[in-house]
$ cat start-v9.pdb   # PDB, C-alpha atoms and all ligand atoms
MODEL        1
ATOM      1  CA  MET A  25     148.310  89.596 216.623
ATOM      2  CA  ARG A  26     150.033  91.218 219.631
ATOM      3  CA  LEU A  27     147.105  90.430 221.877
ATOM      4  CA  LEU A  28     146.866  86.905 220.554
ATOM      5  CA  CYS A  29     150.570  86.343 221.190
ATOM      6  CA  SER A  30     150.279  87.658 224.743
ATOM      7  CA  LEU A  31     147.317  85.411 225.376
ATOM      8  CA  LEU A  32     149.186  82.439 223.974
ATOM      9  CA  LEU A  33     152.275  83.246 226.034
ATOM     10  CA  GLY A  34     150.043  83.467 229.095
ATOM     11  CA  MET A  35     148.716  80.015 228.333
ATOM     12  CA  VAL A  36     152.249  78.648 228.126
ATOM     13  CA  ALA A  37     152.928  79.951 231.600
ATOM     14  CA  LEU A  38     149.636  78.700 233.013
ATOM     15  CA  THR A  39     149.428  75.266 231.508
ATOM     16  CA  ASP A  40     153.019  74.470 230.507
ATOM     17  CA  VAL A  41     151.622  73.290 227.186
ATOM     18  CA  ALA A  42     153.756  74.313 224.250
ATOM     19  CA  VAL A  43     152.047  76.964 222.154
ATOM     20  CA  ALA A  44     153.656  78.825 219.290
ATOM     21  CA  ALA A  45     155.314  81.984 220.581
ATOM     22  CA  LEU A  46     156.008  84.136 217.570
ATOM     23  CA  SER A  47     159.084  86.361 217.676
ATOM     24  CA  SER A  48     159.079  90.117 217.068
ATOM     25  CA  GLY A  49     160.339  89.566 213.505
ATOM     26  CA  CYS A  50     157.027  87.981 212.520
ATOM     27  CA  GLY A  51     154.837  89.924 210.146
ATOM     28  CA  LYS A  52     157.732  92.166 209.072
ATOM     29  CA  ALA A  53     160.075  92.220 206.117
ATOM     30  CA  PRO A  54     163.034  90.018 207.106
ATOM     31  CA  THR A  55     166.186  91.900 208.089
ATOM     32  CA  VAL A  56     168.367  88.782 208.282
ATOM     33  CA  THR A  57     169.466  86.919 205.165
ATOM     34  CA  SER A  58     171.443  83.717 204.690
ATOM     35  CA  GLY A  59     175.199  84.075 205.153
ATOM     36  CA  VAL A  60     177.870  84.846 207.717
ATOM     37  CA  LYS A  61     177.037  87.406 210.423
ATOM     38  CA  THR A  62     179.201  89.095 213.022
ATOM     39  CA  ILE A  63     177.779  90.401 216.281
ATOM     40  CA  SER A  64     179.368  91.890 219.364
ATOM     41  CA  VAL A  65     178.828  89.914 222.554
ATOM     42  CA  GLY A  66     180.217  91.500 225.712
ATOM     43  CA  GLY A  67     182.801  93.326 223.632
ATOM     44  CA  THR A  68     183.907  90.244 221.678
ATOM     45  CA  GLN A  69     183.176  89.862 217.970
ATOM     46  CA  ARG A  70     181.378  86.558 217.381
ATOM     47  CA  GLN A  71     180.499  84.963 214.047
ATOM     48  CA  PHE A  72     177.805  82.604 212.874
ATOM     49  CA  THR A  73     176.451  81.211 209.630
ATOM     50  CA  ILE A  74     172.698  81.328 209.155
ATOM     51  CA  ARG A  75     170.497  79.664 206.546
ATOM     52  CA  VAL A  76     167.032  81.123 205.990
ATOM     53  CA  PRO A  77     164.463  78.820 204.286
ATOM     54  CA  GLN A  78     164.209  79.370 200.553
ATOM     55  CA  ASN A  79     160.460  79.970 200.595
ATOM     56  CA  TYR A  80     160.609  82.117 203.759
ATOM     57  CA  GLN A  81     157.253  83.583 204.787
ATOM     58  CA  ASN A  82     157.196  86.236 207.484
ATOM     59  CA  ASN A  83     153.881  85.113 208.971
ATOM     60  CA  LYS A  84     155.050  81.607 209.765
ATOM     61  CA  GLY A  85     156.877  80.799 213.007
ATOM     62  CA  TYR A  86     159.878  78.715 211.964
ATOM     63  CA  LYS A  87     161.825  76.233 213.996
ATOM     64  CA  LEU A  88     165.295  77.523 214.876
ATOM     65  CA  VAL A  89     168.010  74.849 214.834
ATOM     66  CA  TYR A  90     171.591  75.326 216.041
ATOM     67  CA  GLY A  91     174.338  72.998 214.826
ATOM     68  CA  LEU A  92     177.491  73.274 216.949
ATOM     69  CA  HIS A  93     180.885  72.218 215.611
ATOM     70  CA  TRP A  94     183.440  69.896 217.210
ATOM     71  CA  VAL A  95     186.834  70.842 218.654
ATOM     72  CA  GLY A  96     188.890  72.820 216.166
ATOM     73  CA  GLY A  97     185.883  72.779 213.825
ATOM     74  CA  ARG A  98     184.439  75.501 211.685
ATOM     75  CA  MET A  99     180.852  76.653 211.272
ATOM     76  CA  GLU A 100     181.182  76.110 207.497
ATOM     77  CA  GLN A 101     181.842  72.414 208.083
ATOM     78  CA  VAL A 102     178.537  72.041 209.945
ATOM     79  CA  ALA A 103     176.701  73.977 207.239
ATOM     80  CA  ASN A 104     178.355  71.995 204.435
ATOM     81  CA  GLY A 105     177.911  68.486 205.787
ATOM     82  CA  GLY A 106     180.643  67.683 208.255
ATOM     83  CA  ASP A 107     184.059  66.401 207.322
ATOM     84  CA  THR A 108     182.667  64.428 204.397
ATOM     85  CA  GLY A 109     180.736  67.296 202.809
ATOM     86  CA  SER A 110     177.750  64.963 202.509
ATOM     87  CA  LYS A 111     174.586  66.720 201.340
ATOM     88  CA  ASN A 112     172.498  64.622 203.713
ATOM     89  CA  TRP A 113     174.685  65.607 206.657
ATOM     90  CA  LYS A 114     174.340  69.405 206.408
ATOM     91  CA  TYR A 115     173.590  70.677 209.929
ATOM     92  CA  TYR A 116     174.003  67.119 211.228
ATOM     93  CA  GLY A 117     171.442  65.823 208.777
ATOM     94  CA  MET A 118     168.728  68.236 209.895
ATOM     95  CA  GLN A 119     168.673  70.552 206.848
ATOM     96  CA  VAL A 120     167.493  68.069 204.256
ATOM     97  CA  LEU A 121     164.981  66.510 206.645
ATOM     98  CA  ALA A 122     163.531  69.916 207.585
ATOM     99  CA  ASN A 123     162.731  70.562 203.925
ATOM    100  CA  GLU A 124     162.760  74.365 204.338
ATOM    101  CA  THR A 125     160.675  74.379 207.553
ATOM    102  CA  ALA A 126     163.510  75.535 209.822
ATOM    103  CA  ILE A 127     166.085  78.306 210.119
ATOM    104  CA  PHE A 128     169.589  76.877 210.631
ATOM    105  CA  VAL A 129     172.470  78.432 212.512
ATOM    106  CA  ALA A 130     176.063  77.246 212.801
ATOM    107  CA  PRO A 131     177.907  79.434 215.320
ATOM    108  CA  GLN A 132     181.688  79.676 215.476
ATOM    109  CA  GLY A 133     183.427  78.897 218.759
ATOM    110  CA  ILE A 134     186.439  81.011 219.711
ATOM    111  CA  SER A 135     189.537  79.185 218.374
ATOM    112  CA  GLY A 136     187.256  76.258 217.535
ATOM    113  CA  ASN A 137     186.362  75.684 221.194
ATOM    114  CA  TRP A 138     183.249  75.878 223.371
ATOM    115  CA  GLY A 139     184.955  76.539 226.694
ATOM    116  CA  ASN A 140     182.016  78.761 227.732
ATOM    117  CA  SER A 141     184.130  80.379 230.422
ATOM    118  CA  GLY A 142     181.997  82.601 232.617
ATOM    119  CA  GLY A 143     179.010  81.597 230.478
ATOM    120  CA  SER A 144     180.456  83.503 227.494
ATOM    121  CA  ASP A 145     179.163  81.021 224.911
ATOM    122  CA  ILE A 146     175.703  80.910 226.508
ATOM    123  CA  LYS A 147     175.678  84.718 226.210
ATOM    124  CA  PHE A 148     176.563  84.269 222.532
ATOM    125  CA  ILE A 149     173.583  81.897 222.142
ATOM    126  CA  ASP A 150     171.326  84.456 223.870
ATOM    127  CA  ALA A 151     172.586  87.212 221.564
ATOM    128  CA  MET A 152     171.957  85.102 218.437
ATOM    129  CA  ASN A 153     168.460  84.241 219.647
ATOM    130  CA  ASP A 154     167.712  87.958 220.118
ATOM    131  CA  TYR A 155     169.206  88.936 216.756
ATOM    132  CA  ILE A 156     167.350  86.215 214.853
ATOM    133  CA  ASP A 157     164.064  86.710 216.733
ATOM    134  CA  ALA A 158     164.078  90.386 215.733
ATOM    135  CA  GLY A 159     164.989  89.817 212.106
ATOM    136  CA  LEU A 160     162.997  86.697 211.226
ATOM    137  CA  CYS A 161     159.782  84.961 212.229
ATOM    138  CA  VAL A 162     160.771  82.326 214.815
ATOM    139  CA  ASP A 163     158.547  80.091 216.897
ATOM    140  CA  GLN A 164     160.298  80.702 220.209
ATOM    141  CA  ALA A 165     158.837  77.446 221.534
ATOM    142  CA  GLN A 166     160.670  75.530 218.790
ATOM    143  CA  ARG A 167     164.374  76.151 219.296
ATOM    144  CA  PHE A 168     166.705  73.152 219.114
ATOM    145  CA  SER A 169     170.409  72.431 219.296
ATOM    146  CA  ILE A 170     172.559  69.541 218.092
ATOM    147  CA  GLY A 171     176.303  69.072 218.257
ATOM    148  CA  PHE A 172     179.116  66.545 218.212
ATOM    149  CA  SER A 173     181.926  66.188 220.760
ATOM    150  CA  TYR A 174     182.766  69.729 222.004
ATOM    151  CA  GLY A 175     179.592  70.829 220.197
ATOM    152  CA  GLY A 176     177.692  68.102 222.059
ATOM    153  CA  SER A 177     179.185  69.359 225.307
ATOM    154  CA  MET A 178     178.051  72.910 224.483
ATOM    155  CA  THR A 179     174.611  71.600 223.522
ATOM    156  CA  TYR A 180     174.493  69.949 226.946
ATOM    157  CA  ALA A 181     175.436  73.307 228.514
ATOM    158  CA  ILE A 182     172.510  74.881 226.604
ATOM    159  CA  ALA A 183     170.175  72.167 227.935
ATOM    160  CA  CYS A 184     171.399  72.942 231.451
ATOM    161  CA  ALA A 185     171.234  76.736 231.234
ATOM    162  CA  ARG A 186     168.525  77.448 228.665
ATOM    163  CA  ALA A 187     165.936  74.659 228.930
ATOM    164  CA  LYS A 188     163.192  77.320 228.956
ATOM    165  CA  GLN A 189     164.415  78.891 225.710
ATOM    166  CA  PHE A 190     165.080  75.617 223.845
ATOM    167  CA  ARG A 191     162.556  72.872 223.171
ATOM    168  CA  GLY A 192     164.969  70.005 222.614
ATOM    169  CA  VAL A 193     168.579  68.956 222.121
ATOM    170  CA  ALA A 194     170.658  66.143 220.682
ATOM    171  CA  VAL A 195     174.048  65.497 222.270
ATOM    172  CA  ILE A 196     176.336  63.379 220.067
ATOM    173  CA  ALA A 197     179.397  61.987 221.842
ATOM    174  CA  GLY A 198     179.400  64.812 224.375
ATOM    175  CA  GLY A 199     181.136  65.305 227.682
ATOM    176  CA  GLN A 200     181.003  67.902 230.412
ATOM    177  CA  LEU A 201     183.457  70.322 228.813
ATOM    178  CA  SER A 202     181.327  73.467 228.603
ATOM    179  CA  GLY A 203     179.852  73.441 232.097
ATOM    180  CA  CYS A 204     176.294  73.032 233.284
ATOM    181  CA  ASP A 205     174.922  76.247 234.727
ATOM    182  CA  GLY A 206     171.535  75.574 236.287
ATOM    183  CA  GLY A 207     170.902  72.061 235.101
ATOM    184  CA  ASN A 208     167.639  71.429 236.924
ATOM    185  CA  ASP A 209     165.007  72.093 234.261
ATOM    186  CA  PRO A 210     163.469  69.516 231.912
ATOM    187  CA  ILE A 211     164.078  69.552 228.161
ATOM    188  CA  ALA A 212     163.536  66.950 225.438
ATOM    189  CA  TYR A 213     166.915  65.187 225.283
ATOM    190  CA  PHE A 214     168.428  62.679 222.861
ATOM    191  CA  GLY A 215     171.846  61.311 223.810
ATOM    192  CA  ILE A 216     173.921  59.445 221.202
ATOM    193  CA  HIS A 217     177.227  57.731 221.990
ATOM    194  CA  GLY A 218     179.572  55.069 220.666
ATOM    195  CA  ILE A 219     180.473  52.169 222.938
ATOM    196  CA  LYS A 220     184.063  52.395 221.634
ATOM    197  CA  ASP A 221     184.428  56.157 222.057
ATOM    198  CA  GLY A 222     188.021  56.617 223.206
ATOM    199  CA  THR A 223     187.898  60.432 223.303
ATOM    200  CA  LEU A 224     184.832  61.116 225.483
ATOM    201  CA  ASN A 225     183.776  57.761 226.816
ATOM    202  CA  ILE A 226     180.226  56.448 226.880
ATOM    203  CA  ALA A 227     180.132  56.379 230.682
ATOM    204  CA  GLY A 228     180.355  60.177 230.561
ATOM    205  CA  GLY A 229     177.578  60.282 227.962
ATOM    206  CA  ARG A 230     175.360  58.217 230.267
ATOM    207  CA  THR A 231     176.063  60.642 233.116
ATOM    208  CA  LEU A 232     174.944  63.613 230.984
ATOM    209  CA  ARG A 233     171.839  61.659 229.953
ATOM    210  CA  ASP A 234     170.959  60.760 233.519
ATOM    211  CA  ARG A 235     170.750  64.385 234.607
ATOM    212  CA  PHE A 236     167.848  64.855 232.206
ATOM    213  CA  VAL A 237     166.328  61.464 232.968
ATOM    214  CA  LYS A 238     165.940  62.933 236.454
ATOM    215  CA  ASN A 239     164.879  66.447 235.362
ATOM    216  CA  ASN A 240     162.307  65.031 232.951
ATOM    217  CA  GLY A 241     160.897  62.725 235.608
ATOM    218  CA  CYS A 242     161.591  59.567 233.576
ATOM    219  CA  ALA A 243     162.238  56.089 234.896
ATOM    220  CA  SER A 244     165.935  55.203 235.153
ATOM    221  CA  MET A 245     167.642  54.356 231.849
ATOM    222  CA  SER A 246     170.490  52.494 233.521
ATOM    223  CA  GLY A 247     169.146  49.236 232.090
ATOM    224  CA  ALA A 248     168.926  50.571 228.522
ATOM    225  CA  LYS A 249     170.405  47.960 226.179
ATOM    226  CA  GLU A 250     173.548  48.778 224.251
ATOM    227  CA  PRO A 251     174.915  46.845 221.271
ATOM    228  CA  THR A 252     177.709  44.341 221.613
ATOM    229  CA  SER A 253     181.145  45.069 220.229
ATOM    230  CA  GLY A 254     181.435  43.845 216.669
ATOM    231  CA  SER A 255     177.667  44.013 216.014
ATOM    232  CA  ARG A 256     178.134  47.200 213.924
ATOM    233  CA  THR A 257     174.633  48.312 214.820
ATOM    234  CA  HIS A 258     172.881  50.648 217.251
ATOM    235  CA  ILE A 259     170.140  50.394 219.844
ATOM    236  CA  THR A 260     167.841  53.335 220.579
ATOM    237  CA  THR A 261     165.803  53.317 223.777
ATOM    238  CA  ALA A 262     162.978  55.701 224.698
ATOM    239  CA  ALA A 263     162.679  56.404 228.406
ATOM    240  CA  THR A 264     159.358  55.650 230.062
ATOM    241  CA  GLY A 265     157.374  57.710 232.535
ATOM    242  CA  CYS A 266     158.735  61.119 231.481
ATOM    243  CA  LYS A 267     156.679  64.275 232.065
ATOM    244  CA  GLN A 268     154.430  65.038 229.110
ATOM    245  CA  GLY A 269     156.397  67.094 226.586
ATOM    246  CA  TYR A 270     159.807  66.091 227.963
ATOM    247  CA  PRO A 271     160.765  62.785 226.330
ATOM    248  CA  MET A 272     164.218  61.195 226.484
ATOM    249  CA  LYS A 273     166.033  58.932 224.078
ATOM    250  CA  TRP A 274     169.379  57.195 224.285
ATOM    251  CA  ALA A 275     171.120  55.617 221.307
ATOM    252  CA  ALA A 276     174.268  53.579 221.795
ATOM    253  CA  HIS A 277     176.155  52.414 218.724
ATOM    254  CA  ASP A 278     179.019  50.045 218.074
ATOM    255  CA  GLY A 279     181.410  52.752 216.966
ATOM    256  CA  GLY A 280     183.986  55.235 218.176
ATOM    257  CA  HIS A 281     184.117  59.038 218.522
ATOM    258  CA  ILE A 282     182.093  59.844 215.406
ATOM    259  CA  GLN A 283     179.156  62.078 214.474
ATOM    260  CA  ALA A 284     177.353  60.339 211.591
ATOM    261  CA  ALA A 285     177.125  56.780 212.917
ATOM    262  CA  ALA A 286     175.815  54.197 210.458
ATOM    263  CA  ASP A 287     174.932  50.521 210.793
ATOM    264  CA  LYS A 288     176.488  47.714 208.774
ATOM    265  CA  PRO A 289     176.946  47.262 205.883
ATOM    266  CA  ALA A 290     177.645  51.009 205.593
ATOM    267  CA  PRO A 291     180.983  52.309 206.899
ATOM    268  CA  GLU A 292     181.012  53.081 210.628
ATOM    269  CA  GLU A 293     180.608  56.789 209.825
ATOM    270  CA  ASN A 294     178.629  57.866 206.788
ATOM    271  CA  GLY A 295     176.566  61.020 206.313
ATOM    272  CA  GLU A 296     174.335  59.429 203.702
ATOM    273  CA  ALA A 297     173.571  56.203 205.580
ATOM    274  CA  SER A 298     173.529  57.541 209.141
ATOM    275  CA  TRP A 299     170.450  56.845 211.252
ATOM    276  CA  VAL A 300     171.347  59.764 213.547
ATOM    277  CA  GLY A 301     169.731  62.555 211.505
ATOM    278  CA  PRO A 302     166.414  60.797 210.836
ATOM    279  CA  GLU A 303     166.084  59.614 214.453
ATOM    280  CA  VAL A 304     166.841  63.042 215.920
ATOM    281  CA  TRP A 305     164.517  64.854 213.513
ATOM    282  CA  ALA A 306     161.705  62.389 214.288
ATOM    283  CA  PHE A 307     162.322  62.900 218.022
ATOM    284  CA  TRP A 308     162.144  66.699 217.730
ATOM    285  CA  ASN A 309     158.924  66.322 215.744
ATOM    286  CA  LEU A 310     157.103  64.070 218.190
ATOM    287  CA  PRO A 311     153.533  65.380 218.621
ATOM    288  CA  GLU A 312     154.196  66.112 222.308
ATOM    289  CA  LEU A 313     156.858  68.665 221.300
ATOM    290  CA  ALA A 314     154.689  70.505 218.777
ATOM    291  CA  SER A 315     153.535  74.075 219.316
TER     292      SER A 315
HETATM  293  C1  LIG A 401     159.050  69.438 200.860
HETATM  294  O1  LIG A 401     158.063  70.433 200.990
HETATM  295  C2  LIG A 401     157.354  70.690 199.789
HETATM  296  C3  LIG A 401     156.490  71.897 200.008
HETATM  297  O2  LIG A 401     155.728  71.793 201.182
HETATM  298  C4  LIG A 401     156.594  69.442 199.392
HETATM  299  O3  LIG A 401     155.879  69.660 198.215
HETATM  300  C5  LIG A 401     157.577  68.292 199.220
HETATM  301  O4  LIG A 401     156.871  67.096 198.959
HETATM  302  C6  LIG A 401     158.436  68.124 200.441
HETATM  303  N1  LIG A 401     159.480  67.173 200.168
HETATM  304  C7  LIG A 401     159.717  66.148 200.959
HETATM  305  C8  LIG A 401     160.851  65.264 200.534
HETATM  306  O5  LIG A 401     159.060  65.897 201.948
ENDMDL
END

$ encode --input "start-v9.pdb" --output "structure tokens" --more "lines below"
Ligand SMILES: *[C@@H]1O[C@H](CO)[C@@H](O)[C@H](O)[C@H]1NC(C)=O
Amino acid sequence: MRLLCSLLLGMVALTDVAVAALSSGCGKAPTVTSGVKTISVGGTQRQFTIRVPQNYQNNKGYKLVYGLHWVGGRMEQVANGGDTGSKNWKYYGMQVLANETAIFVAPQGISGNWGNSGGSDIKFIDAMNDYIDAGLCVDQAQRFSIGFSYGGSMTYAIACARAKQFRGVAVIAGGQLSGCDGGNDPIAYFGIHGIKDGTLNIAGGRTLRDRFVKNNGCASMSGAKEPTSGSRTHITTAATGCKQGYPMKWAAHDGGHIQAAADKPAPEENGEASWVGPEVWAFWNLPELAS
């Protein structure tokens, strides 16, 4: 197994084709269970909630999905389905769709923020990756992050700084609040924003998107259609011409600063009716992203 993994890792480097890279926790009894964990990162105690699949098998490389909370938010809210507590919106809708094929993590920002000063929150992400890789069987080529608002901004910071460690991201109503260290590597990127967002406006969301349009080698998305005000719908556009394995999507919706956007006749925000979860999960599971 060791030799096979090394060979596979070598192939990743040589061909840039995604191949499963099994973590050191594979083939061993799991040492991480579902619940709240506390780890020390640079002398600071940091907490996260983790959910291990119910039928966990230690010989299977699982996807690892981070769900990052909004400003003043709590990790429990992400794990329990956002503000509404909707079952279908646990981990931004990803948990139900994954159907026990992914490990989920909701980290806690200090004082509910993702300021990432001096890269402190990126170091926290690195420390969680190491902890989880050692204790569970993770496909290191299948790490993802999703977040809303400040959590979208931190997910953007992950895309900038850790594009080689993460396979894809979804940035919901994000802004550039958590920095962008690096920022030159490609990563599968799905940007989602409301045309009426009065907190972090859509122009900022387009700017974040366009960094990865460039990194991924895609054709400009500046002409991507967006819905008209009052249409109560959304328009999702896939970029063309992107490098193989690094797709881009942009979804604009006729709504405000919300996470679980839904089309009419559902309410503007609704965890059960939202198209966001299904579209993001389908994007992360495109064949070109598979290991
Ligand atoms: C979830 O996975 C199980 C086991 O692989 C399968 O039997 C079931 O049909 C899946 N459910 C859905 C909704 O896809």

$ residues_near_ligand --input "start-v9.pdb" --ligand "ligand LIG 401 (chain A)" --cutoff "10 Å" --atoms "all atoms listed in the file" --output "CSV table (one decimal) with C-alpha atoms, in the frame of the given file"
chain,number,residue,atom,x,y,z
A,79,ASN,CA,160.5,80.0,200.6
A,120,VAL,CA,167.5,68.1,204.3
A,121,LEU,CA,165.0,66.5,206.6
A,122,ALA,CA,163.5,69.9,207.6
A,123,ASN,CA,162.7,70.6,203.9
A,124,GLU,CA,162.8,74.4,204.3
A,125,THR,CA,160.7,74.4,207.6

$ closest_residue --input "start-v9.pdb" --among "A:Ala227, A:Leu232, A:Ile216, A:Ala314" --to "Gln283 (chain A)" --atoms "all atoms listed in the file"
A:Ile216

$ closest_atom_pairs --input "start-v9.pdb" --of "region 59-122 of chain A" --to "region 177-195 of chain A" --cutoff "9 Å" --atoms "all atoms listed in the file" --output "Markdown table"
| residue | atom | partner | partner_atom | distance |
| --- | --- | --- | --- | --- |
| A:Tyr90 | CA | A:Thr179 | CA | 8.9 |
| A:Gly91 | CA | A:Thr179 | CA | 8.8 |
| A:Leu92 | CA | A:Thr179 | CA | 7.4 |

$ write_last_selection --input "start-v9.pdb" --atoms "C-alpha atoms" --output "PDB file, in the coordinates of the input"
ATOM      1  CA  TYR A  90     171.591  75.326 216.041  1.00  0.00           C
ATOM      2  CA  GLY A  91     174.338  72.998 214.826  1.00  0.00           C
ATOM      3  CA  LEU A  92     177.491  73.274 216.949  1.00  0.00           C
TER       4      LEU A  92
END

$ residues_around --input "start-v9.pdb" --residues "Trp113 (chain A)" --least-positions-apart "2" --cutoff "10 Å" --atoms "all atoms listed in the file" --output "PyMOL selection string"
chain A and resi 101-111+115-121+283-284+294-298+300-301

$ resolve_selection --input "start-v9.pdb" --expression "the PyMOL selection byres (((chain A and resi 51) around 8) and not hetatm)" --output "PyMOL selection string"
chain A and resi 49-50+52-53+82-83+161

$ residues_near_point --input "start-v9.pdb" --point "(159.1, 79.3, 219.3)" --cutoff "12 Å" --atoms "all atoms listed in the file" --output "number ranges by chain"
A: 29, 32-33, 36, 42-50, 84-89, 126-127, 153, 156-157, 160-168, 188-192, 313-315

$ resolve_selection --input "start-v9.pdb" --expression "the PyMOL selection byres (((chain A and resi 196) around 9) and not hetatm)" --output "PyMOL selection string"
chain A and resi 170-173+175-177+194-195+197-198+214-218+229+282-283+300

$ decode --input "start-v9.pdb" --residues "region 299-310 of chain A" --atoms "N, CA, C and O atoms" --output "PDB file, in the first residue's frame"
ATOM      1  N   TRP A 299     -31.358  25.653  -4.271  1.00  0.00           N
ATOM      2  CA  TRP A 299     -30.623  25.002  -5.364  1.00  0.00           C
ATOM      3  C   TRP A 299     -29.124  25.006  -5.070  1.00  0.00           C
ATOM      4  O   TRP A 299     -28.345  24.359  -5.779  1.00  0.00           O
ATOM      5  N   VAL A 300     -28.689  25.745  -4.066  1.00  0.00           N
ATOM      6  CA  VAL A 300     -27.253  25.938  -3.828  1.00  0.00           C
ATOM      7  C   VAL A 300     -26.561  24.610  -3.511  1.00  0.00           C
ATOM      8  O   VAL A 300     -25.545  24.264  -4.133  1.00  0.00           O
ATOM      9  N   GLY A 301     -27.109  23.854  -2.545  1.00  0.00           N
ATOM     10  CA  GLY A 301     -26.483  22.587  -2.168  1.00  0.00           C
ATOM     11  C   GLY A 301     -26.355  21.628  -3.347  1.00  0.00           C
ATOM     12  O   GLY A 301     -25.249  21.175  -3.665  1.00  0.00           O
ATOM     13  N   PRO A 302     -27.465  21.303  -4.005  1.00  0.00           N
ATOM     14  CA  PRO A 302     -27.375  20.367  -5.137  1.00  0.00           C
ATOM     15  C   PRO A 302     -26.421  20.833  -6.242  1.00  0.00           C
ATOM     16  O   PRO A 302     -25.678  20.013  -6.799  1.00  0.00           O
ATOM     17  N   GLU A 303     -26.401  22.137  -6.530  1.00  0.00           N
ATOM     18  CA  GLU A 303     -25.513  22.597  -7.617  1.00  0.00           C
ATOM     19  C   GLU A 303     -24.039  22.519  -7.211  1.00  0.00           C
ATOM     20  O   GLU A 303     -23.176  22.163  -8.013  1.00  0.00           O
ATOM     21  N   VAL A 304     -23.756  22.848  -5.942  1.00  0.00           N
ATOM     22  CA  VAL A 304     -22.362  22.777  -5.493  1.00  0.00           C
ATOM     23  C   VAL A 304     -21.900  21.319  -5.431  1.00  0.00           C
ATOM     24  O   VAL A 304     -20.802  20.980  -5.884  1.00  0.00           O
ATOM     25  N   TRP A 305     -22.749  20.448  -4.890  1.00  0.00           N
ATOM     26  CA  TRP A 305     -22.342  19.041  -4.771  1.00  0.00           C
ATOM     27  C   TRP A 305     -22.104  18.437  -6.158  1.00  0.00           C
ATOM     28  O   TRP A 305     -21.122  17.707  -6.372  1.00  0.00           O
ATOM     29  N   ALA A 306     -22.973  18.772  -7.114  1.00  0.00           N
ATOM     30  CA  ALA A 306     -22.792  18.267  -8.483  1.00  0.00           C
ATOM     31  C   ALA A 306     -21.489  18.804  -9.083  1.00  0.00           C
ATOM     32  O   ALA A 306     -20.756  18.070  -9.770  1.00  0.00           O
ATOM     33  N   PHE A 307     -21.172  20.056  -8.779  1.00  0.00           N
ATOM     34  CA  PHE A 307     -19.934  20.666  -9.301  1.00  0.00           C
ATOM     35  C   PHE A 307     -18.703  19.951  -8.733  1.00  0.00           C
ATOM     36  O   PHE A 307     -17.767  19.603  -9.462  1.00  0.00           O
ATOM     37  N   TRP A 308     -18.709  19.702  -7.431  1.00  0.00           N
ATOM     38  CA  TRP A 308     -17.576  19.020  -6.796  1.00  0.00           C
ATOM     39  C   TRP A 308     -17.452  17.568  -7.259  1.00  0.00           C
ATOM     40  O   TRP A 308     -16.402  16.948  -7.092  1.00  0.00           O
ATOM     41  N   ASN A 309     -18.526  17.035  -7.805  1.00  0.00           N
ATOM     42  CA  ASN A 309     -18.509  15.635  -8.252  1.00  0.00           C
ATOM     43  C   ASN A 309     -18.438  15.501  -9.770  1.00  0.00           C
ATOM     44  O   ASN A 309     -18.699  14.419 -10.294  1.00  0.00           O
ATOM     45  N   LEU A 310     -18.079  16.583 -10.448  1.00  0.00           N
ATOM     46  CA  LEU A 310     -17.852  16.471 -11.890  1.00  0.00           C
ATOM     47  C   LEU A 310     -16.753  15.430 -12.124  1.00  0.00           C
ATOM     48  O   LEU A 310     -15.787  15.352 -11.354  1.00  0.00           O
TER      49      LEU A 310
END
